[in-house]
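Student: Following this line is input_17.cif, made up of mmCIF, C-alpha atoms:
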data_my_file
loop_
_atom_site.label_atom_id
_atom_site.label_comp_id
_atom_site.auth_asym_id
_atom_site.auth_seq_id
_atom_site.Cartn_x
_atom_site.Cartn_y
_atom_site.Cartn_z
CA MET D 42 -14.14 14.32 37.20
CA LYS D 43 -11.18 12.77 38.95
CA ALA D 44 -11.65 10.34 41.80
CA GLU D 45 -9.33 10.36 44.76
CA LYS D 46 -7.00 7.43 44.91
CA PRO D 47 -8.49 4.75 47.13
CA ASP D 48 -6.43 4.23 50.27
CA ASN D 49 -6.35 0.50 49.99
CA TRP D 50 -4.03 0.22 47.02
CA THR D 51 -1.81 3.26 47.34
CA THR D 52 0.42 1.84 50.05
CA GLY D 53 3.22 -0.17 48.63
CA GLN D 54 1.45 -0.57 45.32
CA PRO D 55 2.92 2.13 43.14
CA LEU D 56 0.53 2.49 40.24
CA LYS D 57 1.22 5.13 37.63
CA PHE D 58 -1.70 6.69 35.82
CA ASP D 59 -0.95 8.46 32.53
CA PRO D 60 -1.39 12.22 32.05
CA ASN D 61 -5.10 11.60 31.34
CA GLY D 62 -5.45 9.75 34.66
CA LEU D 63 -5.75 6.36 32.96
CA ILE D 64 -4.03 3.01 33.30
CA THR D 65 -4.02 0.36 30.57
CA THR D 66 -5.78 -2.81 31.69
CA VAL D 67 -5.48 -6.22 30.04
CA VAL D 68 -8.38 -8.55 30.81
CA GLN D 69 -7.61 -12.27 30.74
CA ASP D 70 -9.91 -15.23 31.34
CA ALA D 71 -8.70 -16.72 34.63
CA ASN D 72 -9.54 -20.24 33.53
CA THR D 73 -8.81 -20.49 29.80
CA LYS D 74 -6.05 -17.82 29.90
CA GLU D 75 -7.48 -16.26 26.74
CA VAL D 76 -6.81 -12.52 26.48
CA LEU D 77 -10.31 -11.08 26.20
CA MET D 78 -9.88 -7.33 25.82
CA VAL D 79 -7.83 -4.27 26.67
CA ALA D 80 -9.46 -1.21 28.22
CA TRP D 81 -8.55 1.74 30.42
CA MET D 82 -9.31 2.41 34.07
CA ASN D 83 -9.09 5.65 35.96
CA ALA D 84 -8.74 5.71 39.75
CA GLU D 85 -12.50 5.69 40.24
CA ALA D 86 -13.00 2.73 37.88
CA LEU D 87 -10.31 0.82 39.76
CA GLN D 88 -11.93 1.67 43.08
CA LYS D 89 -15.32 0.48 41.83
CA THR D 90 -13.70 -2.68 40.47
CA LEU D 91 -12.12 -3.41 43.83
CA GLU D 92 -15.31 -2.64 45.75
CA SER D 93 -17.71 -4.56 43.50
CA GLY D 94 -15.51 -7.44 42.42
CA GLU D 95 -16.52 -6.80 38.81
CA THR D 96 -14.63 -4.84 36.15
CA TRP D 97 -15.30 -1.13 35.63
CA PHE D 98 -13.50 0.99 33.05
CA TRP D 99 -13.27 4.54 31.80
CA SER D 100 -14.66 4.87 28.29
CA ARG D 101 -12.37 7.21 26.38
CA SER D 102 -14.87 7.60 23.53
CA ARG D 103 -17.89 8.29 25.72
CA GLN D 104 -15.88 9.96 28.52
CA GLU D 105 -17.75 8.11 31.24
CA LEU D 106 -17.41 5.30 33.72
CA TRP D 107 -18.45 1.99 32.27
CA HIS D 108 -19.50 -1.14 34.18
CA LYS D 109 -18.54 -3.98 31.85
CA GLY D 110 -21.67 -6.07 31.29
CA GLY D 111 -23.91 -3.51 32.97
CA THR D 112 -26.11 -3.48 29.86
CA SER D 113 -25.35 -6.83 28.22
CA GLY D 114 -25.18 -8.87 31.39
CA ASN D 115 -21.72 -10.06 30.41
CA VAL D 116 -20.05 -8.94 33.61
CA GLN D 117 -16.51 -10.01 34.51
CA LYS D 118 -15.98 -11.35 38.03
CA VAL D 119 -12.52 -10.36 39.20
CA VAL D 120 -10.34 -13.20 40.49
CA GLU D 121 -7.08 -11.27 40.75
CA ILE D 122 -5.51 -8.05 39.60
CA ARG D 123 -1.80 -7.94 38.83
CA TYR D 124 0.36 -4.95 37.88
CA ASP D 125 3.55 -4.77 35.90
CA CYS D 126 7.13 -3.91 36.79
CA ASP D 127 6.82 -0.20 36.12
CA GLY D 128 3.31 0.03 37.55
CA ASP D 129 1.66 1.49 34.47
CA THR D 130 -0.37 -1.52 33.32
CA LEU D 131 -2.87 -3.78 35.06
CA LEU D 132 -3.73 -7.41 34.30
CA ALA D 133 -7.19 -8.41 35.49
CA LEU D 134 -7.87 -12.15 35.70
CA VAL D 135 -11.62 -12.64 35.45
CA GLU D 136 -14.42 -15.14 35.15
CA PRO D 137 -16.61 -13.74 32.36
CA ALA D 138 -20.39 -14.25 32.37
CA GLY D 139 -20.42 -14.09 28.57
CA PRO D 140 -18.53 -12.85 25.51
CA ALA D 141 -16.18 -9.94 26.18
CA CYS D 142 -16.58 -8.32 22.77
CA HIS D 143 -19.48 -6.14 21.68
CA THR D 144 -19.44 -8.10 18.39
CA GLY D 145 -20.43 -11.24 20.28
CA ALA D 146 -16.98 -12.77 19.92
CA ASN D 147 -15.56 -14.36 23.03
CA SER D 148 -12.45 -12.20 22.78
CA CYS D 149 -12.01 -8.83 21.12
CA PHE D 150 -8.87 -10.28 19.48
CA TYR D 151 -10.75 -12.44 17.00
CA ARG D 152 -8.74 -11.38 13.92
CA LYS D 153 -5.10 -11.90 13.08
CA LEU D 154 -2.67 -10.02 10.89
CA GLU D 155 -2.65 -11.98 7.70
CA ASN D 156 1.03 -12.10 6.87
CA VAL D 157 2.30 -13.39 10.20
CA MET J 267 10.83 10.01 12.98
CA LYS J 268 7.70 8.43 11.59
CA ALA J 269 7.86 5.33 9.40
CA GLU J 270 5.51 4.87 6.51
CA LYS J 271 2.87 2.26 7.05
CA PRO J 272 4.05 -1.02 5.56
CA ASP J 273 1.88 -2.04 2.62
CA ASN J 274 1.39 -5.57 3.75
CA TRP J 275 -0.88 -4.91 6.70
CA THR J 276 -2.78 -1.82 5.66
CA THR J 277 -5.18 -3.57 3.30
CA GLY J 278 -8.20 -4.90 5.11
CA GLN J 279 -6.47 -4.68 8.45
CA PRO J 280 -7.55 -1.37 9.88
CA LEU J 281 -5.11 -0.58 12.64
CA LYS J 282 -5.46 2.67 14.53
CA PHE J 283 -2.36 4.29 15.93
CA ASP J 284 -2.85 6.87 18.69
CA PRO J 285 -1.99 10.56 18.27
CA ASN J 286 1.63 9.71 19.14
CA GLY J 287 1.75 7.10 16.38
CA LEU J 288 1.68 4.19 18.82
CA ILE J 289 -0.42 1.07 19.29
CA THR J 290 -0.69 -0.82 22.58
CA THR J 291 0.69 -4.34 22.28
CA VAL J 292 0.03 -7.19 24.69
CA VAL J 293 2.63 -9.96 24.56
CA GLN J 294 1.45 -13.43 25.51
CA ASP J 295 3.40 -16.69 25.68
CA ALA J 296 1.98 -18.77 22.82
CA ASN J 297 2.44 -21.99 24.75
CA THR J 298 1.73 -21.25 28.41
CA LYS J 299 -0.72 -18.40 27.64
CA GLU J 300 0.93 -16.29 30.34
CA VAL J 301 0.69 -12.56 29.69
CA LEU J 302 4.33 -11.49 29.65
CA MET J 303 4.34 -7.72 29.12
CA VAL J 304 2.63 -4.76 27.53
CA ALA J 305 4.57 -2.36 25.33
CA TRP J 306 3.97 0.03 22.45
CA MET J 307 4.75 -0.29 18.77
CA ASN J 308 4.86 2.41 16.15
CA ALA J 309 4.48 1.60 12.45
CA GLU J 310 8.21 1.04 12.05
CA ALA J 311 8.40 -1.29 15.05
CA LEU J 312 5.49 -3.29 13.65
CA GLN J 313 7.15 -3.45 10.26
CA LYS J 314 10.39 -4.66 11.81
CA THR J 315 8.46 -7.21 13.86
CA LEU J 316 6.76 -8.56 10.75
CA GLU J 317 9.99 -8.63 8.75
CA SER J 318 12.19 -10.20 11.43
CA GLY J 319 9.69 -12.48 13.14
CA GLU J 320 10.81 -11.10 16.50
CA THR J 321 9.19 -8.36 18.57
CA TRP J 322 10.26 -4.74 18.18
CA PHE J 323 8.75 -1.87 20.15
CA TRP J 324 8.94 1.87 20.53
CA SER J 325 10.42 2.89 23.86
CA ARG J 326 8.41 5.86 25.12
CA SER J 327 10.99 6.64 27.82
CA ARG J 328 14.03 6.45 25.57
CA GLN J 329 12.20 7.60 22.42
CA GLU J 330 13.81 4.97 20.26
CA LEU J 331 13.12 1.68 18.54
CA TRP J 332 13.80 -1.28 20.74
CA HIS J 333 14.47 -4.86 19.68
CA LYS J 334 13.22 -6.93 22.59
CA GLY J 335 16.09 -9.16 23.70
CA GLY J 336 18.59 -7.36 21.47
CA THR J 337 20.81 -6.81 24.52
CA SER J 338 19.73 -9.57 26.91
CA GLY J 339 19.28 -12.27 24.31
CA ASN J 340 15.72 -12.81 25.50
CA VAL J 341 14.14 -12.30 22.11
CA GLN J 342 10.51 -13.16 21.45
CA LYS J 343 9.78 -15.22 18.34
CA VAL J 344 6.43 -14.17 16.92
CA VAL J 345 3.94 -16.97 16.31
CA GLU J 346 0.90 -14.83 15.56
CA ILE J 347 -0.28 -11.25 15.87
CA ARG J 348 -3.95 -10.55 16.53
CA TYR J 349 -5.75 -7.20 16.72
CA ASP J 350 -8.86 -6.19 18.54
CA CYS J 351 -12.35 -5.18 17.41
CA ASP J 352 -11.60 -1.47 17.18
CA GLY J 353 -8.10 -1.99 15.80
CA ASP J 354 -6.25 -0.02 18.45
CA THR J 355 -4.57 -2.89 20.31
CA LEU J 356 -2.35 -5.77 19.22
CA LEU J 357 -1.91 -9.16 20.84
CA ALA J 358 1.41 -10.81 19.97
CA LEU J 359 1.66 -14.53 20.68
CA VAL J 360 5.32 -15.38 21.09
CA GLU J 361 7.84 -18.01 22.02
CA PRO J 362 10.22 -16.24 24.42
CA ALA J 363 13.89 -17.17 24.60
CA GLY J 364 14.00 -16.11 28.25
CA PRO J 365 12.31 -13.95 30.89
CA ALA J 366 10.29 -11.04 29.51
CA CYS J 367 10.92 -8.70 32.43
CA HIS J 368 14.06 -6.68 33.00
CA THR J 369 13.86 -7.76 36.66
CA GLY J 370 14.45 -11.35 35.61
CA ALA J 371 10.85 -12.35 36.27
CA ASN J 372 9.23 -14.48 33.61
CA SER J 373 6.39 -11.99 33.28
CA CYS J 374 6.33 -8.27 34.08
CA PHE J 375 3.07 -8.93 35.97
CA TYR J 376 4.74 -10.63 38.94
CA ARG J 377 2.90 -8.64 41.63
CA LYS J 378 -0.75 -8.54 42.53
CA LEU J 379 -2.92 -5.91 44.17
CA GLU J 380 -3.13 -7.02 47.76
CA ASN J 381 -6.77 -6.51 48.55
CA VAL J 382 -8.25 -8.42 45.64
#
Please re-express this file's structure in structure tokens.
Tutor:
Amino acid sequence: MKAEKPDNWTTGQPLKFDPNGLITTVVQDANTKEVLMVAWMNAEALQKTLESGETWFWSRSRQELWHKGGTSGNVQKVVEIRYDCDGDTLLALVEPAGPACHTGANSCFYRKLENV
Amino acid sequence: MKAEKPDNWTTGQPLKFDPNGLITTVVQDANTKEVLMVAWMNAEALQKTLESGETWFWSRSRQELWHKGGTSGNVQKVVEIRYDCDGDTLLALVEPAGPACHTGANSCFYRKLENV
């Protein structure tokens, strides 16, 4: 299923979705600036994010739309969405209601490469 | 060309490269916490990053290894590399010598979606 591009961000906001119709999205805590997670949106997920003010993604493993926090309650209220110079990546600044990671960690990036 | 996985990060650090041999990498300023850019590394770029202490990427458009700042001088000194819960995304915390974006902007995410 492929959603039509919503009118409200096509004009003058040249976003490029990849061949699978997805755009990489970095989610950052608007207050602490911690990078919480990276996920993928399709046009419909972006539209739902814009309409609801909470993050929606496309789950590549489950092949379905995914309302972040819809089950856990840990929704992410969108403060701002930015996009990069070549329009193929989004940066969502959010206020999270709880931990971003399914492990319970605040950020999915809770481990570091050991030799750096 | 596909580099062998460097020994020093394969043990106990389960990174997953995509079918093209790439891993999404978010670059964040270690001091200001600003998200600077998103790019892709292959195993060789990661190895060069670890060995040199500066970021290297794989350019998908040019299909070649790319030393960030090699031409402009705006290298990124790596402070720490983190990886996410499912091991398919890296977060590089860096000290940048100059603007990350080829436009001269400090961050590639210098524009925001207008209706958010």
Student: Taking all atoms listed in the file into account, which of J:Ala311, J:Val341, J:Val292, J:Val360 comes nearest chain D?
Tutor: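 Looking only at the distances to chain D, the closest residue turns out to be J:Val292.
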Student: Which is closest to D:Val68 among D:His108, D:Trp99, D:Gln88, D:Leu131, if we use all atoms listed in the file?
Tutor: D:Leu131
Student: Work out how far apart atom CA of J:Thr298 and atom CA of J:Asn340 are and give it in Å to one decimal.
Tutor: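 Between these atoms lies a distance of 16.6 Å.
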Student: Evaluate the PyMOL selection byres ((chain J) within 6 of (chain D)) against this structure - the residues, as a PDB file with C-alpha atoms, in the frame of the given file, please.
Tutor:
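That gives us part-v1.pdb:
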ATOM      1  CA  LYS J 299      -0.720 -18.400  27.640  1.00  0.00           C
ATOM      2  CA  GLU J 346       0.900 -14.830  15.560  1.00  0.00           C
ATOM      3  CA  ILE J 347      -0.280 -11.250  15.870  1.00  0.00           C
ATOM      4  CA  ARG J 348      -3.950 -10.550  16.530  1.00  0.00           C
ATOM      5  CA  TYR J 349      -5.750  -7.200  16.720  1.00  0.00           C
ATOM      6  CA  ASP J 350      -8.860  -6.190  18.540  1.00  0.00           C
ATOM      7  CA  CYS J 351     -12.350  -5.180  17.410  1.00  0.00           C
ATOM      8  CA  CYS J 374       6.330  -8.270  34.080  1.00  0.00           C
ATOM      9  CA  PHE J 375       3.070  -8.930  35.970  1.00  0.00           C
ATOM     10  CA  ARG J 377       2.900  -8.640  41.630  1.00  0.00           C
ATOM     11  CA  LYS J 378      -0.750  -8.540  42.530  1.00  0.00           C
ATOM     12  CA  LEU J 379      -2.920  -5.910  44.170  1.00  0.00           C
ATOM     13  CA  VAL J 382      -8.250  -8.420  45.640  1.00  0.00           C
TER      14      VAL J 382
END
Student: Report, in Å with one decimal, the straight-line distance from atom CA of J:Phe283 to atom CA of J:Ala309.
Tutor: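 The value is 8.1 Å.
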Student: Give me, please, the distance in Å between atom CA of J:Ile289 and atom CA of J:Trp322, quoted to one decimal.
Tutor: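 These two atoms are separated by 12.2 Å.
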